[in-house]
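Engineer: Attaching a single structure in structure tokens format; questions to follow.
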Amino acid sequence: MIKVENLKKRYEDFCLDLSFELPKGRVSGLVGRNGAGKSTTLKSILGLVKADEGSVRIFGRDVKDLSVEDKQRLGIAMSESAFSAYLNIEAIARILKQMYPRFEEERFFELCKKMSLPVRKQIKEFSTGMKARLKVIIALSHRADLLLLDEPTAGLDVEARNEILDILRDYLAENEEASLLISSHISSDLEGLCDDIYLINDGKILLHEATDELLDKYGVIKADEALFERLDKEHILAYRKEKYGYALFTDAKDYYKENYPEAVIENGSIDDLILIMGKRREG
Amino acid sequence: MRIIINNSSMVPIYEQVVSQIKALIIQGELKEGDILPSVRNMAAELRISSLTVKKAYDFLEEEGLVTTVHGKGTFVNAADRQLAAEARRKAVEDELSLVLGKAFSAGLNKEEVSQIFEILLEDQYDQS
């Protein structure tokens, strides 16, 4: 669905440089700290940011040559994208109907109702959570084959985030072939949704791993100075100094569990990954 | 389907799915020809990734418990009776060994354990 090859975008203080592929039916997550390059990545894929080098292909076609029909197969929610705040949902539905032949009006209003969005109120009266839900519902309103969502859960409380994730899960269950590329800096959101995760740091892919491998094999070892000294570092990806000693990030927690039964080893989460891996250069 | 995922368990999530579906088949709650939820439906229900569900289904297929027909879904195979009986026996063994471990760490000796066992055995089997 998406093929990115040697995509480069240089800014004064930042350089994006990555290659990856999103096959049909795949749900991939981009994680990383603020400013790591997640939004720039998504914008470059869509051609909203002009790349300096490399190529981006969507549906097998260069992104510059996408036809109107190709674009109708995309469902997008970017962080700054929105309809005019003076419109209400009824007006937006009329616009969507004109734009997308596959727009499903009935379902759209059904989802708005389910998500308690008033259809006659102007968007400017909406809360942050309401606007975020609307954005996702719009992206899912026309049976898109490829969804690109930039931080759809940013700034929301845990309940609102779960609601959005559940709408996404339902959509994916109903559209088995659909692919999704989603970014978030709240990575626990992605653990229960994505097939694989890309950790982006400083514009580069620091790690790419299937989510279940990440959760099964990766872990955090909490070691005091003495244990840290004698610990075999072969399967340690990164570590960080802590008050009690060191937190070490491993991709082989079973190995350490077997050989160092006295060590405290926790299941790895993607948040640990960002915290420890993202700071490797300083560590 | 009643499947409960423990996210903080050290047991890999796909293994949790496998063992619970297996248990449902052995208990007869899932019968021959029953269709499992689609990969994405199961993923949505359990809030885990579809790749994890797919891994679990593939594993069950390798063990001959289910068959995936492309475009149709994943179906439960006829449960092999001997396999089921073996699995039940194994489950009992596992639990007994857990209990014995407990007895051992509580400092009970062989004789004491077997006394307890005899009493409970009589209670259970004479009642039924």
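The way I read the labels, and the way they are meant: chains A, B, ... in the order of the structure tokens, residue 1 as the first residue of every chain, and ligand 1 as the first ligand shown, with later ones counted on from there.
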Which neighbours of Glu213 in chain A fall inside 10 Å, counting only C-alpha atoms, when residues of the same chain fewer than 6 positions from it are skipped, and could you give them as a count of residues only?
Structural biologist: 6
Engineer: Which chain A residues are at most 10 Å from chain B (counting only C-alpha atoms), as a ChimeraX atom specification?
Structural biologist: /A:25-28,165-177,190-196,210-213,215-217,253-254,266-268
Engineer: I'd like the contact shell of Asn259 in chain A - 12 Å cut-off, only C-alpha atoms, skipping same-chain residues fewer than 6 positions apart - returned as an MDAnalysis selection string.
Structural biologist: chainID A and resid 227 230:232 252:253 265
Engineer: So that I can check the surroundings of Ile95 in chain A, please list as number ranges by chain every protein, DNA and RNA residue that reaches within 12 Å of it, counting only C-alpha atoms and ignoring chain neighbours fewer than 5 positions away.
Structural biologist: A: 83-84, 87-90, 100-101, 103, 105, 138, 141
Engineer: Sorted by chain and rising residue number, list the residues of range 108-154 of chain A at most 8 Å from range 58-73 of chain A (counting only C-alpha atoms), each with its closest atom pair and distance in Å to one decimal, as JSON lines.
Structural biologist:
```
{"residue": "A:His142", "atom": "CA", "partner": "A:Arg73", "partner_atom": "CA", "distance": 7.9}
{"residue": "A:Arg143", "atom": "CA", "partner": "A:Arg73", "partner_atom": "CA", "distance": 7.4}
{"residue": "A:Ala144", "atom": "CA", "partner": "A:Arg73", "partner_atom": "CA", "distance": 4.5}
{"residue": "A:Asp145", "atom": "CA", "partner": "A:Arg73", "partner_atom": "CA", "distance": 5.4}
{"residue": "A:Leu146", "atom": "CA", "partner": "A:Arg73", "partner_atom": "CA", "distance": 6.5}
```
Engineer: Given the choices B:Gln115, B:Asn6, B:Ser105, B:Gln16, which gets closest to Ala56 in chain B if the distance is worked out from only C-alpha atoms?
Structural biologist: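 Comparing B:Gln115, B:Asn6, B:Ser105, B:Gln16 against Ala56 in chain B, the winner is B:Gln16.
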Engineer: Counting only C-alpha atoms, which residue out of A:Lys113, A:Lys257, A:Arg161, A:Lys9 sits closest to Thr40 in chain A?
Structural biologist: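 When distances to Thr40 in chain A are compared using only C-alpha atoms, the smallest one comes from A:Lys9.
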Engineer: Counting only C-alpha atoms, what is within 9 Å of Glu32 in chain B, bar same-chain residues fewer than 5 positions away, as a list of chain:residue names?
Structural biologist: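 Once the nearby chain positions are removed, what remains is B:Ile25, B:Val66, B:Phe75, B:Val76, B:Asn77, B:Ala78, B:Ala79.
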Engineer: Kindly export the residues of the current selection with C-alpha atoms, as a PDB file, in the first residue's frame.
Structural biologist:
```
ATOM      1  CA  ILE B  25     -12.162 -27.207  22.268  1.00  0.00           C
ATOM      2  CA  VAL B  66      -8.364 -25.928  13.416  1.00  0.00           C
ATOM      3  CA  PHE B  75     -12.901 -23.838  11.531  1.00  0.00           C
ATOM      4  CA  VAL B  76     -12.607 -26.149  14.504  1.00  0.00           C
ATOM      5  CA  ASN B  77     -11.616 -29.692  13.566  1.00  0.00           C
ATOM      6  CA  ALA B  78     -13.099 -32.816  15.081  1.00  0.00           C
ATOM      7  CA  ALA B  79     -11.516 -33.068  18.494  1.00  0.00           C
TER       8      ALA B  79
END
```
Engineer: If we count only C-alpha atoms, what is near range 233-244 of chain A at a cut-off of 12 Å, once residues fewer than 6 positions away on the same chain are taken out, given as a PyMOL selection string?
Structural biologist: chain A and resi 206-207+217-227+250-256+264+272-283
Engineer: Those residues with N, CA and C atoms, as a short mmCIF file (atom, residue, chain, number, x, y, z; two decimals), in the first residue's frame please?
Structural biologist:
```
data_model
loop_
_atom_site.label_atom_id
_atom_site.label_comp_id
_atom_site.auth_asym_id
_atom_site.auth_seq_id
_atom_site.Cartn_x
_atom_site.Cartn_y
_atom_site.Cartn_z
N LEU A 206 14.77 3.84 14.54
CA LEU A 206 15.72 3.30 15.50
C LEU A 206 15.46 1.80 15.70
N LEU A 207 14.19 1.43 15.54
CA LEU A 207 13.83 0.04 15.77
C LEU A 207 12.53 -0.26 15.06
N LYS A 217 9.48 -10.62 24.07
CA LYS A 217 10.92 -10.83 24.23
C LYS A 217 11.64 -9.67 24.88
N TYR A 218 11.09 -8.48 24.73
CA TYR A 218 11.77 -7.30 25.25
C TYR A 218 11.40 -7.10 26.71
N GLY A 219 12.35 -6.59 27.46
CA GLY A 219 12.07 -6.36 28.86
C GLY A 219 13.05 -5.35 29.43
N VAL A 220 12.75 -4.95 30.67
CA VAL A 220 13.63 -4.00 31.35
C VAL A 220 14.22 -4.69 32.57
N ILE A 221 15.53 -4.70 32.65
CA ILE A 221 16.22 -5.27 33.81
C ILE A 221 16.60 -4.12 34.72
N LYS A 222 16.23 -4.24 35.99
CA LYS A 222 16.62 -3.21 36.94
C LYS A 222 17.77 -3.76 37.77
N ALA A 223 18.93 -3.19 37.59
CA ALA A 223 20.12 -3.75 38.21
C ALA A 223 20.81 -2.73 39.11
N ASP A 224 21.36 -3.21 40.25
CA ASP A 224 22.19 -2.31 41.05
C ASP A 224 23.59 -2.33 40.46
N GLU A 225 24.47 -1.52 41.01
CA GLU A 225 25.82 -1.39 40.44
C GLU A 225 26.51 -2.74 40.29
N ALA A 226 26.41 -3.58 41.36
CA ALA A 226 27.13 -4.85 41.36
C ALA A 226 26.63 -5.76 40.24
N LEU A 227 25.30 -5.87 40.12
CA LEU A 227 24.73 -6.72 39.08
C LEU A 227 25.08 -6.16 37.70
N THR A 250 16.41 -4.97 27.13
CA THR A 250 16.91 -6.16 26.44
C THR A 250 15.88 -6.70 25.46
N ASP A 251 16.36 -7.40 24.43
CA ASP A 251 15.43 -8.07 23.52
C ASP A 251 15.45 -9.58 23.78
N ALA A 252 15.98 -9.98 24.93
CA ALA A 252 16.03 -11.41 25.27
C ALA A 252 15.84 -11.57 26.77
N LYS A 253 14.63 -11.21 27.25
CA LYS A 253 14.45 -11.21 28.70
C LYS A 253 14.52 -12.62 29.29
N ASP A 254 14.14 -13.65 28.49
CA ASP A 254 14.19 -15.01 29.01
C ASP A 254 15.62 -15.44 29.34
N TYR A 255 16.55 -14.99 28.50
CA TYR A 255 17.95 -15.30 28.73
C TYR A 255 18.40 -14.78 30.10
N TYR A 256 18.02 -13.56 30.41
CA TYR A 256 18.45 -12.98 31.69
C TYR A 256 17.69 -13.58 32.87
N VAL A 264 15.71 -8.25 38.88
CA VAL A 264 14.33 -7.81 38.70
C VAL A 264 14.13 -7.52 37.21
N ASP A 272 8.85 2.19 27.56
CA ASP A 272 10.23 1.98 28.01
C ASP A 272 11.19 2.16 26.84
N LEU A 273 10.74 1.62 25.72
CA LEU A 273 11.54 1.68 24.51
C LEU A 273 11.88 3.13 24.17
N ILE A 274 10.87 3.97 24.20
CA ILE A 274 11.10 5.38 23.86
C ILE A 274 12.03 6.01 24.88
N LEU A 275 11.77 5.71 26.14
CA LEU A 275 12.55 6.33 27.21
C LEU A 275 14.01 5.94 27.15
N ILE A 276 14.26 4.64 26.98
CA ILE A 276 15.64 4.18 27.06
C ILE A 276 16.33 4.25 25.70
N MET A 277 15.67 3.74 24.66
CA MET A 277 16.31 3.74 23.34
C MET A 277 16.44 5.15 22.79
N GLY A 278 15.43 5.94 23.02
CA GLY A 278 15.42 7.29 22.45
C GLY A 278 16.54 8.15 22.98
N LYS A 279 17.11 7.75 24.12
CA LYS A 279 18.15 8.58 24.71
C LYS A 279 19.52 7.93 24.59
N ARG A 280 19.63 6.98 23.68
CA ARG A 280 20.85 6.19 23.62
C ARG A 280 22.10 7.05 23.52
N ARG A 281 22.05 8.07 22.70
CA ARG A 281 23.27 8.84 22.47
C ARG A 281 23.77 9.54 23.73
N GLU A 282 22.81 9.88 24.58
CA GLU A 282 23.23 10.55 25.81
C GLU A 282 23.72 9.54 26.84
N GLY A 283 23.23 8.28 26.72
CA GLY A 283 23.51 7.27 27.72
C GLY A 283 24.85 6.68 27.59
#
```
Engineer: Excluding same-chain residues fewer than 3 positions from Pro23 in chain A, what lies within 8 Å of it counting only C-alpha atoms, as a short mmCIF file (atom, residue, chain, number, x, y, z; two decimals) with N, CA and C atoms, in the first residue's frame?
Structural biologist:
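Result written to result.cif:
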```cif
data_model
loop_
_atom_site.label_atom_id
_atom_site.label_comp_id
_atom_site.auth_asym_id
_atom_site.auth_seq_id
_atom_site.Cartn_x
_atom_site.Cartn_y
_atom_site.Cartn_z
N MET A 1 0.84 -1.21 0.00
CA MET A 1 0.00 0.00 0.00
C MET A 1 0.86 1.25 0.00
N ILE A 2 1.90 1.22 0.86
CA ILE A 2 2.85 2.33 0.87
C ILE A 2 4.25 1.76 0.76
N ARG A 26 -1.95 -4.46 6.78
CA ARG A 26 -1.06 -4.27 7.94
C ARG A 26 -1.49 -3.04 8.74
N SER A 179 -5.46 -1.10 5.40
CA SER A 179 -4.19 -0.90 6.09
C SER A 179 -4.25 0.41 6.86
#
```
Engineer: Taking the chain letters and numbering used in this document, name the residues of range 16-123 of chain B that DSSP puts in strand (DSSP E), as a list in words.
Structural biologist: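 Put together, the selection reads Val66, Thr67, Thr68, Val69, Gly73, Thr74, Phe75 and Val76 of chain B.
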Engineer: Mind dumping the selected residues with C-alpha atoms as a PDB file, in the first residue's frame?
Structural biologist:
```
ATOM      1  CA  VAL B  66      -8.364 -25.928  13.416  1.00  0.00           C
ATOM      2  CA  THR B  67      -8.316 -25.518   9.645  1.00  0.00           C
ATOM      3  CA  THR B  68      -8.217 -22.199   7.851  1.00  0.00           C
ATOM      4  CA  VAL B  69     -10.044 -22.081   4.546  1.00  0.00           C
ATOM      5  CA  GLY B  73     -12.523 -18.516   7.907  1.00  0.00           C
ATOM      6  CA  THR B  74     -10.961 -20.719  10.525  1.00  0.00           C
ATOM      7  CA  PHE B  75     -12.901 -23.838  11.531  1.00  0.00           C
ATOM      8  CA  VAL B  76     -12.607 -26.149  14.504  1.00  0.00           C
TER       9      VAL B  76
END
```
Engineer: Using only C-alpha atoms for the distances, tell me which of A:Leu96, A:Ala51, A:Leu156, A:Leu18 is nearest to Ile137 in chain A.
Structural biologist: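 Using only C-alpha atoms, Ile137 in chain A sits closest to A:Leu96.
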Engineer: Based on the backbone DSSP call, show me all residues of chain B assigned alpha helix (DSSP H), as a PyMOL selection string.
Structural biologist: chain B and resi 13-26+39-46+50-62+81-105+110-127
Engineer: Any chance you can output those residues with C-alpha atoms as a PDB file, in the first residue's frame?
Structural biologist:
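So the final result, stored in part-v3.pdb, reads:
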```pdb
ATOM      1  CA  ILE B  13      -0.113 -13.227  24.444  1.00  0.00           C
ATOM      2  CA  TYR B  14      -0.432 -15.594  21.477  1.00  0.00           C
ATOM      3  CA  GLU B  15       0.234 -18.520  23.827  1.00  0.00           C
ATOM      4  CA  GLN B  16      -2.527 -17.311  26.121  1.00  0.00           C
ATOM      5  CA  VAL B  17      -4.897 -17.263  23.145  1.00  0.00           C
ATOM      6  CA  VAL B  18      -3.765 -20.715  21.986  1.00  0.00           C
ATOM      7  CA  SER B  19      -4.158 -22.377  25.362  1.00  0.00           C
ATOM      8  CA  GLN B  20      -7.583 -20.862  25.986  1.00  0.00           C
ATOM      9  CA  ILE B  21      -8.962 -21.838  22.589  1.00  0.00           C
ATOM     10  CA  LYS B  22      -7.499 -25.295  23.107  1.00  0.00           C
ATOM     11  CA  ALA B  23      -9.250 -25.511  26.461  1.00  0.00           C
ATOM     12  CA  LEU B  24     -12.559 -24.458  24.865  1.00  0.00           C
ATOM     13  CA  ILE B  25     -12.162 -27.207  22.268  1.00  0.00           C
ATOM     14  CA  ILE B  26     -11.258 -29.837  24.841  1.00  0.00           C
ATOM     15  CA  VAL B  39      -8.537 -12.450  12.862  1.00  0.00           C
ATOM     16  CA  ARG B  40      -9.414  -8.760  12.975  1.00  0.00           C
ATOM     17  CA  ASN B  41     -12.620  -9.372  14.924  1.00  0.00           C
ATOM     18  CA  MET B  42     -10.801 -11.397  17.527  1.00  0.00           C
ATOM     19  CA  ALA B  43      -8.076  -8.740  17.664  1.00  0.00           C
ATOM     20  CA  ALA B  44     -10.652  -5.998  18.178  1.00  0.00           C
ATOM     21  CA  GLU B  45     -12.439  -8.016  20.843  1.00  0.00           C
ATOM     22  CA  LEU B  46      -9.295  -8.800  22.829  1.00  0.00           C
ATOM     23  CA  SER B  50      -4.122  -9.008  14.477  1.00  0.00           C
ATOM     24  CA  LEU B  51      -0.667 -10.421  13.908  1.00  0.00           C
ATOM     25  CA  THR B  52      -0.813 -11.936  17.392  1.00  0.00           C
ATOM     26  CA  VAL B  53      -4.191 -13.533  16.664  1.00  0.00           C
ATOM     27  CA  LYS B  54      -2.899 -14.810  13.336  1.00  0.00           C
ATOM     28  CA  LYS B  55       0.104 -16.353  15.066  1.00  0.00           C
ATOM     29  CA  ALA B  56      -2.231 -18.112  17.503  1.00  0.00           C
ATOM     30  CA  TYR B  57      -4.498 -19.415  14.719  1.00  0.00           C
ATOM     31  CA  ASP B  58      -1.477 -20.623  12.723  1.00  0.00           C
ATOM     32  CA  PHE B  59      -0.194 -22.445  15.777  1.00  0.00           C
ATOM     33  CA  LEU B  60      -3.573 -24.129  16.365  1.00  0.00           C
ATOM     34  CA  GLU B  61      -3.631 -25.128  12.708  1.00  0.00           C
ATOM     35  CA  GLU B  62      -0.174 -26.689  12.980  1.00  0.00           C
ATOM     36  CA  ARG B  81     -10.884 -38.026  21.729  1.00  0.00           C
ATOM     37  CA  GLN B  82      -7.628 -39.533  22.748  1.00  0.00           C
ATOM     38  CA  LEU B  83      -5.972 -36.149  22.487  1.00  0.00           C
ATOM     39  CA  ALA B  84      -8.695 -34.640  24.623  1.00  0.00           C
ATOM     40  CA  ALA B  85      -8.374 -37.362  27.236  1.00  0.00           C
ATOM     41  CA  GLU B  86      -4.619 -36.949  27.274  1.00  0.00           C
ATOM     42  CA  ALA B  87      -4.897 -33.207  27.650  1.00  0.00           C
ATOM     43  CA  ARG B  88      -7.291 -33.568  30.562  1.00  0.00           C
ATOM     44  CA  ARG B  89      -4.974 -36.026  32.227  1.00  0.00           C
ATOM     45  CA  LYS B  90      -2.063 -33.685  31.694  1.00  0.00           C
ATOM     46  CA  ALA B  91      -4.016 -30.814  33.243  1.00  0.00           C
ATOM     47  CA  VAL B  92      -4.682 -32.880  36.356  1.00  0.00           C
ATOM     48  CA  GLU B  93      -1.014 -33.832  36.566  1.00  0.00           C
ATOM     49  CA  ASP B  94       0.026 -30.206  36.271  1.00  0.00           C
ATOM     50  CA  GLU B  95      -2.265 -29.104  39.055  1.00  0.00           C
ATOM     51  CA  LEU B  96      -1.235 -31.939  41.308  1.00  0.00           C
ATOM     52  CA  SER B  97       2.408 -31.109  40.835  1.00  0.00           C
ATOM     53  CA  LEU B  98       1.661 -27.503  41.765  1.00  0.00           C
ATOM     54  CA  VAL B  99       0.045 -28.688  44.982  1.00  0.00           C
ATOM     55  CA  LEU B 100       2.963 -30.996  45.711  1.00  0.00           C
ATOM     56  CA  GLY B 101       5.321 -28.082  45.229  1.00  0.00           C
ATOM     57  CA  LYS B 102       3.339 -26.158  47.808  1.00  0.00           C
ATOM     58  CA  ALA B 103       3.421 -29.102  50.222  1.00  0.00           C
ATOM     59  CA  PHE B 104       7.162 -29.401  49.778  1.00  0.00           C
ATOM     60  CA  SER B 105       7.820 -25.754  50.484  1.00  0.00           C
ATOM     61  CA  LYS B 110       6.164 -37.693  51.885  1.00  0.00           C
ATOM     62  CA  GLU B 111       4.119 -39.588  54.410  1.00  0.00           C
ATOM     63  CA  GLU B 112       2.152 -36.557  55.576  1.00  0.00           C
ATOM     64  CA  VAL B 113       1.351 -35.629  52.010  1.00  0.00           C
ATOM     65  CA  SER B 114       0.193 -39.078  51.141  1.00  0.00           C
ATOM     66  CA  GLN B 115      -1.982 -39.175  54.273  1.00  0.00           C
ATOM     67  CA  ILE B 116      -3.734 -35.972  53.206  1.00  0.00           C
ATOM     68  CA  PHE B 117      -4.060 -37.335  49.728  1.00  0.00           C
ATOM     69  CA  GLU B 118      -5.603 -40.626  50.890  1.00  0.00           C
ATOM     70  CA  ILE B 119      -8.204 -38.847  53.021  1.00  0.00           C
ATOM     71  CA  LEU B 120      -9.202 -36.473  50.237  1.00  0.00           C
ATOM     72  CA  LEU B 121      -9.214 -39.291  47.733  1.00  0.00           C
ATOM     73  CA  GLU B 122     -11.665 -41.289  49.819  1.00  0.00           C
ATOM     74  CA  ASP B 123     -13.885 -38.246  50.380  1.00  0.00           C
ATOM     75  CA  GLN B 124     -14.080 -37.497  46.706  1.00  0.00           C
ATOM     76  CA  TYR B 125     -14.482 -40.969  45.265  1.00  0.00           C
ATOM     77  CA  ASP B 126     -16.797 -42.464  47.877  1.00  0.00           C
ATOM     78  CA  GLN B 127     -19.165 -39.546  47.531  1.00  0.00           C
TER      79      GLN B 127
END
```
Engineer: In Å, how far is it from CA of Glu209 in chain A to CA of Leu22 in chain A?
Structural biologist: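 That distance, rounded to one decimal, is 13.2 Å.
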